[in-house]
Amino acid sequence: MKQKHLTKKTVALFLIAGTVCLTTGCDDTYDINKISGDMQLFENGLTAPVGNSTKFYLTEFIEENDILTVRDGKYAIHFEGNSPTTISIPEVKINPISPSFEDASINFLESISMLPGMQEALDATGYTSGPLPELGIEISSIMATIPEKSEPISINLPEVPAEIISISSMRPAPQTLINVILHSDGFPKQITKAKFDFTFKIPQQLIVEPTQSDVTLDEYGNLHISREVSCNNGSCTEEIPLLINSVYFEPAALRQPDGNIAIETDLVYSGAISINEQFDFSGWDPDLLLSIGAESGAIHITEASACIEKAIDPIEYTYELNDLPDFLQNENTCLDLTSIMINLSVANNSPADLETELKLQSDFLDGSTSGDWLSTLQPIAIAPLTTQDIIVTNDDTYAGTPGYIPGLEALMYRVPRTIKVNATPRIPANEISIEFNTDYALDFGYDINVPISFGNDFLLHYEDTFPDLNLDMSGISDAATSFELEGEAVSTLPIDLDMTLTPLDAEGNVMQDIVISQEATLRGNATTHFSITVEDRSNGALQQIDAIHFSVSGTAENGGALSPDQYLQFNNLRIVLSDGIKIQ
C-alpha cells in the first residue's frame with residue numbers, strides 16, 4: 001500500500017507540473033522541487049508558489065507633478081511665481097516766473113544839476129519840475145544812477161504730487177529759459193543809443209547760466225549786464241535770456257496743505273543808464289520811466305532731489321493648488337510641518353529704498369483657513385536698483401531677521417487649496433533723486449519649497465494588480481472550492497496599511513462568484529506575514545481566476561516623513577490548497 005501511495009503522489013506532482021508548463025511556460029518559479037514536500041498531498045493540502053512582486057515604490061503611490069516635487073530626497077510642496085508692478089511720480093511743473101519792477105522812476109535832473117553852472121541856470125528860470133526850459137545848452141553825455149531795488153518773486157509749484165513731502169532741488173527740462181526784460185520810456189527823442197550797466201543779484205534758489213557774451217555771472221551770484229541798446233522815439237526794449245540749470249532750496253521747500261510748494265524770494269538790482277551822445281535837453285522831462293521784469297513759460301521739471309514717501313498699491317498673488325495628487329485631495333489629510341522656508345526675491349528697479357511687509361494666508365480643502373494673515377514682524381528693506389533674496393521662515397534660528405514669521409506652520413497645517421501672498425511695498429520718507437513721469441519696475445518673485453511630513457490624519461490609498469504573477473488555476477478541478485493566498489509584505493512606509501484583494505478574470509473583470517472576506521494589515525517599517533482565504537461560490541469559478549487586484553489604505557498613527565525611496569513589496573507569494581485536489 002505504501003508503494004501505491006507514493007506512486008499516486010508522484011503522478012499528482014507531475015500532472016500539476018505538466019499543467020503549469022503547458023499554460024504558462026516552465027521556469028525556476030515552477031521547478032517541481034519548489035512545491036512544498038513537507039505537506040501531505042490529500043490530508044493537509046498542497047502549496048504552489050506563484051512568484052514575488054516587484055517593489056512598489058512610493059513614487060507609484062504618490063506621483064510627482066508641478067506642485068508635489070522631490071527636493072533633497074524628500075517630498076515637498078513647491079510652487080513659484082512673481083507679481084510685477086510699477087511705480088511712477090507724475091510730472092511736476094513750475095508756474096511761469098514773472099517778477100516785475102513796474103514804473104521804476106529815474107530822475108536825470110539830479111545828474112544834470114551836477115553839471116557846472118546848470119543848477120544856477122535852472123534856478124534863474126524858476127524851474128522846479130517838468131520839462132526842462134530852453135537854456136541854449138547842449139549836453140554831450142549824461143549818466144543816471146539807479147539805486148538798489150528789490151522785488152519779491154514767487155516760484156510756485158502747483159498741485160505737487162502727494163508723494164513729495166519736500167523738494168531741495170529740481171532740474172528743469174533742457175533749454176528752459178527765463179528772459180530778463182529791460183524797457184524804458186522817456187529818453188530825449190533825438191537819442192538813438194543808450195547804455196545800460198546793471199547788476200542783478202540772482203536769487204540763490206535759481207542756478208542760471210548766461211547765454212550771451214556781454215552777460216557775466218560772478219562767484220557771488222551777481223549777474224552783470226553792460227549793453228548798449230538802440231532807442232526809437234525815446235523808447236528801448238531789450239531781452240536777456242538766462243538758461244535755468246536748476247532750482248535749489250535751502251532749507252528744503254515744504255509741501256503746503258493745499259498741495260502746492262511756493263518759494264518766496266527776492267530779485268535785487270542796481271545800476272546806471274548813460275547817454276553818450278550830444279543832445280539838446282530843452283523841453284525834455286528828465287523823469288525816465290523804467291520797467292524791469294523777467295518772464296518764463298511753465299517750467300517742466302524732469303528730475304528732482306526730493307523727500308518722497310510713496311505707498312504702492314498692495315500686491316496680492318493667489319496661488320491655487322488645483323493640481324494636487326489624489327492622495328492629497330482628501331480634506332482630512334493633515335500636514336505636520338516643523339520648518340517652512342520661502343525664498344522671496346524682490347527686484348527693485350527704482351532709485352529709492354523700498355520696504356515692504358509680507359503677509360501670507362491659506363484656505364484649506366475643508367473650507368477653513370489658516371486664520372489671520374501671518375505677517376513678518378518687521379519690514380523687509382530692499383536697496384535701490386538691486387535684486388534681493390530674503391528667506392521667509394518660522395525657523396527660530398532666523399529670529400530677528402526681517403523674514404522671520406513665528407507660527408508660519410499654520411499656513412499648511414492642512415493641505416491648502418490656495419495660498420495668498422500679500423506685499424505692501426512703500427518708499428519710506430527719504431530724499432532721493434528721481435525722474436518724473438518715469439515708470440520704475442518692482443518685481444516680487446517667490447519660490448515656496450516646503451519639505452513635508454504627515455500628521456496623524458494623513459490618509460494613503462493605492463490600488464494595483466500584482467504584475468507578472470504565474471497564477472494559473474485551470475489545471476485544478478472544480479472539486480477545489482477555496483484556497484489561501486499567503487505571502488510576506490515588506491514595507492518601509494511609516495504607515496500601517498489595510499490590504500484587500502479582488503480576483504479578476506482574463507478580461508480584467510471582477511469575478512462576482514469569488515468571495516474574499518478577509519483583510520490583511522500590513523505593518524509599517526516591518527515584514528508582515530499574511531494569509532487571505534479565497535472562496536468559490538459557484539462550481540469551477542476558481543479555474544477562471546487570471547489575476548489578483550490589491551488595494552491598500554492606511555492612516556498615519558504617529559505621522560512620519562515620506563520619501564520616494566520608500567516601498568512596499570510582496571515576497572514568497574503562494575497558493576495553499578488546504579483541502580487537497582483531485583486529479584482528473
# chains A, B, ... in the order shown; residues from 1 in each chain; ligands from 1
$ residues_around --residues "range 379-392 of chain A" --least-positions-apart "4" --cutoff "12 Å" --atoms "only C-alpha atoms" --output "PyMOL selection string"
chain A and resi 339-360+374-375+396-409+421+423-428+430+432-434+440-450
$ residues_around --residues "Glu239 in chain A" --least-positions-apart "3" --cutoff "9 Å" --atoms "only C-alpha atoms" --output "list in words"
Asn179, Val180, Ile181, Leu182, His183 and Ala294 of chain A
$ write_last_selection --atoms "N, CA, C and O atoms" --output "mmCIF file, in the first residue's frame"
data_model
loop_
_atom_site.group_PDB
_atom_site.id
_atom_site.type_symbol
_atom_site.label_atom_id
_atom_site.label_comp_id
_atom_site.auth_asym_id
_atom_site.auth_seq_id
_atom_site.Cartn_x
_atom_site.Cartn_y
_atom_site.Cartn_z
ATOM 1 N N ASN A 179 13.713 134.962 -19.363
ATOM 2 C CA ASN A 179 14.141 136.182 -20.050
ATOM 3 C C ASN A 179 14.011 137.381 -19.119
ATOM 4 O O ASN A 179 12.920 137.646 -18.588
ATOM 5 N N VAL A 180 15.136 138.087 -18.915
ATOM 6 C CA VAL A 180 15.107 139.355 -18.195
ATOM 7 C C VAL A 180 14.831 140.457 -19.222
ATOM 8 O O VAL A 180 15.511 140.541 -20.246
ATOM 9 N N ILE A 181 13.813 141.261 -18.968
ATOM 10 C CA ILE A 181 13.375 142.260 -19.936
ATOM 11 C C ILE A 181 13.599 143.653 -19.370
ATOM 12 O O ILE A 181 13.158 143.962 -18.247
ATOM 13 N N LEU A 182 14.321 144.459 -20.119
ATOM 14 C CA LEU A 182 14.554 145.863 -19.765
ATOM 15 C C LEU A 182 13.746 146.730 -20.729
ATOM 16 O O LEU A 182 13.832 146.573 -21.947
ATOM 17 N N HIS A 183 12.988 147.691 -20.175
ATOM 18 C CA HIS A 183 12.211 148.589 -21.034
ATOM 19 C C HIS A 183 12.252 149.988 -20.426
ATOM 20 O O HIS A 183 12.119 150.150 -19.216
ATOM 21 N N ALA A 294 11.016 139.829 -15.581
ATOM 22 C CA ALA A 294 11.507 138.525 -16.042
ATOM 23 C C ALA A 294 10.301 137.690 -16.424
ATOM 24 O O ALA A 294 9.252 137.745 -15.784
#
$ closest_residue --among "A:Thr192, A:Gln212, A:Ser553, A:Ser169" --to "Glu431 in chain A" --atoms "only C-alpha atoms"
A:Ser169
$ residues_around --residues "Trp284 in chain A" --least-positions-apart "4" --cutoff "9 Å" --atoms "only C-alpha atoms" --output "PyMOL selection string"
chain A and resi 130-133+186-189+280
$ write_last_selection --atoms "C-alpha atoms" --output "PDB file, in the first residue's frame"
ATOM      1  CA  GLY A 130       8.524 169.032 -15.541  1.00  0.00           C
ATOM      2  CA  PRO A 131      10.081 169.595 -18.965  1.00  0.00           C
ATOM      3  CA  LEU A 132      13.339 171.480 -18.888  1.00  0.00           C
ATOM      4  CA  PRO A 133      13.350 175.084 -20.096  1.00  0.00           C
ATOM      5  CA  GLY A 186      11.245 158.979 -21.792  1.00  0.00           C
ATOM      6  CA  PHE A 187      14.645 159.391 -23.391  1.00  0.00           C
ATOM      7  CA  PRO A 188      15.101 162.550 -25.426  1.00  0.00           C
ATOM      8  CA  LYS A 189      13.594 161.705 -28.767  1.00  0.00           C
ATOM      9  CA  ASP A 280      19.665 169.398 -26.555  1.00  0.00           C
TER      10      ASP A 280
END
$ closest_residue --among "A:Ser100, A:Asn232, A:Gln566, A:Gln175" --to "Thr211 in chain A" --atoms "only C-alpha atoms"
A:Gln175
$ closest_residue --among "A:Asp565, A:Gly540, A:Asn82, A:Val534" --to "Ile315 in chain A" --atoms "only C-alpha atoms"
A:Asn82
$ residues_around --residues "range 104-113 of chain A" --least-positions-apart "3" --cutoff "6 Å" --atoms "only C-alpha atoms" --output "ChimeraX atom specification"
/A:118-119,144,286-291
$ atom_distance --atom1 "CA of His549 in chain A" --atom2 "CA of Asp323 in chain A"
27.2 Å
$ residues_around --residues "range 202-208 of chain A" --least-positions-apart "5" --cutoff "10 Å" --atoms "only C-alpha atoms" --output "number ranges by chain"
A: 152-153, 155, 168-171, 176-178, 217, 220-223, 241-250, 263-269
$ select_by_dssp --residues "range 157-393 of chain A" --states "strand (DSSP E)" --output "MDAnalysis selection string"
chainID A and resid 157 164:172 177:185 193:201 206:210 215:217 222:230 235:254 261:275 279:280 287:295 299:311 315:320 341:348 354:364 374:375 380:382 386:393
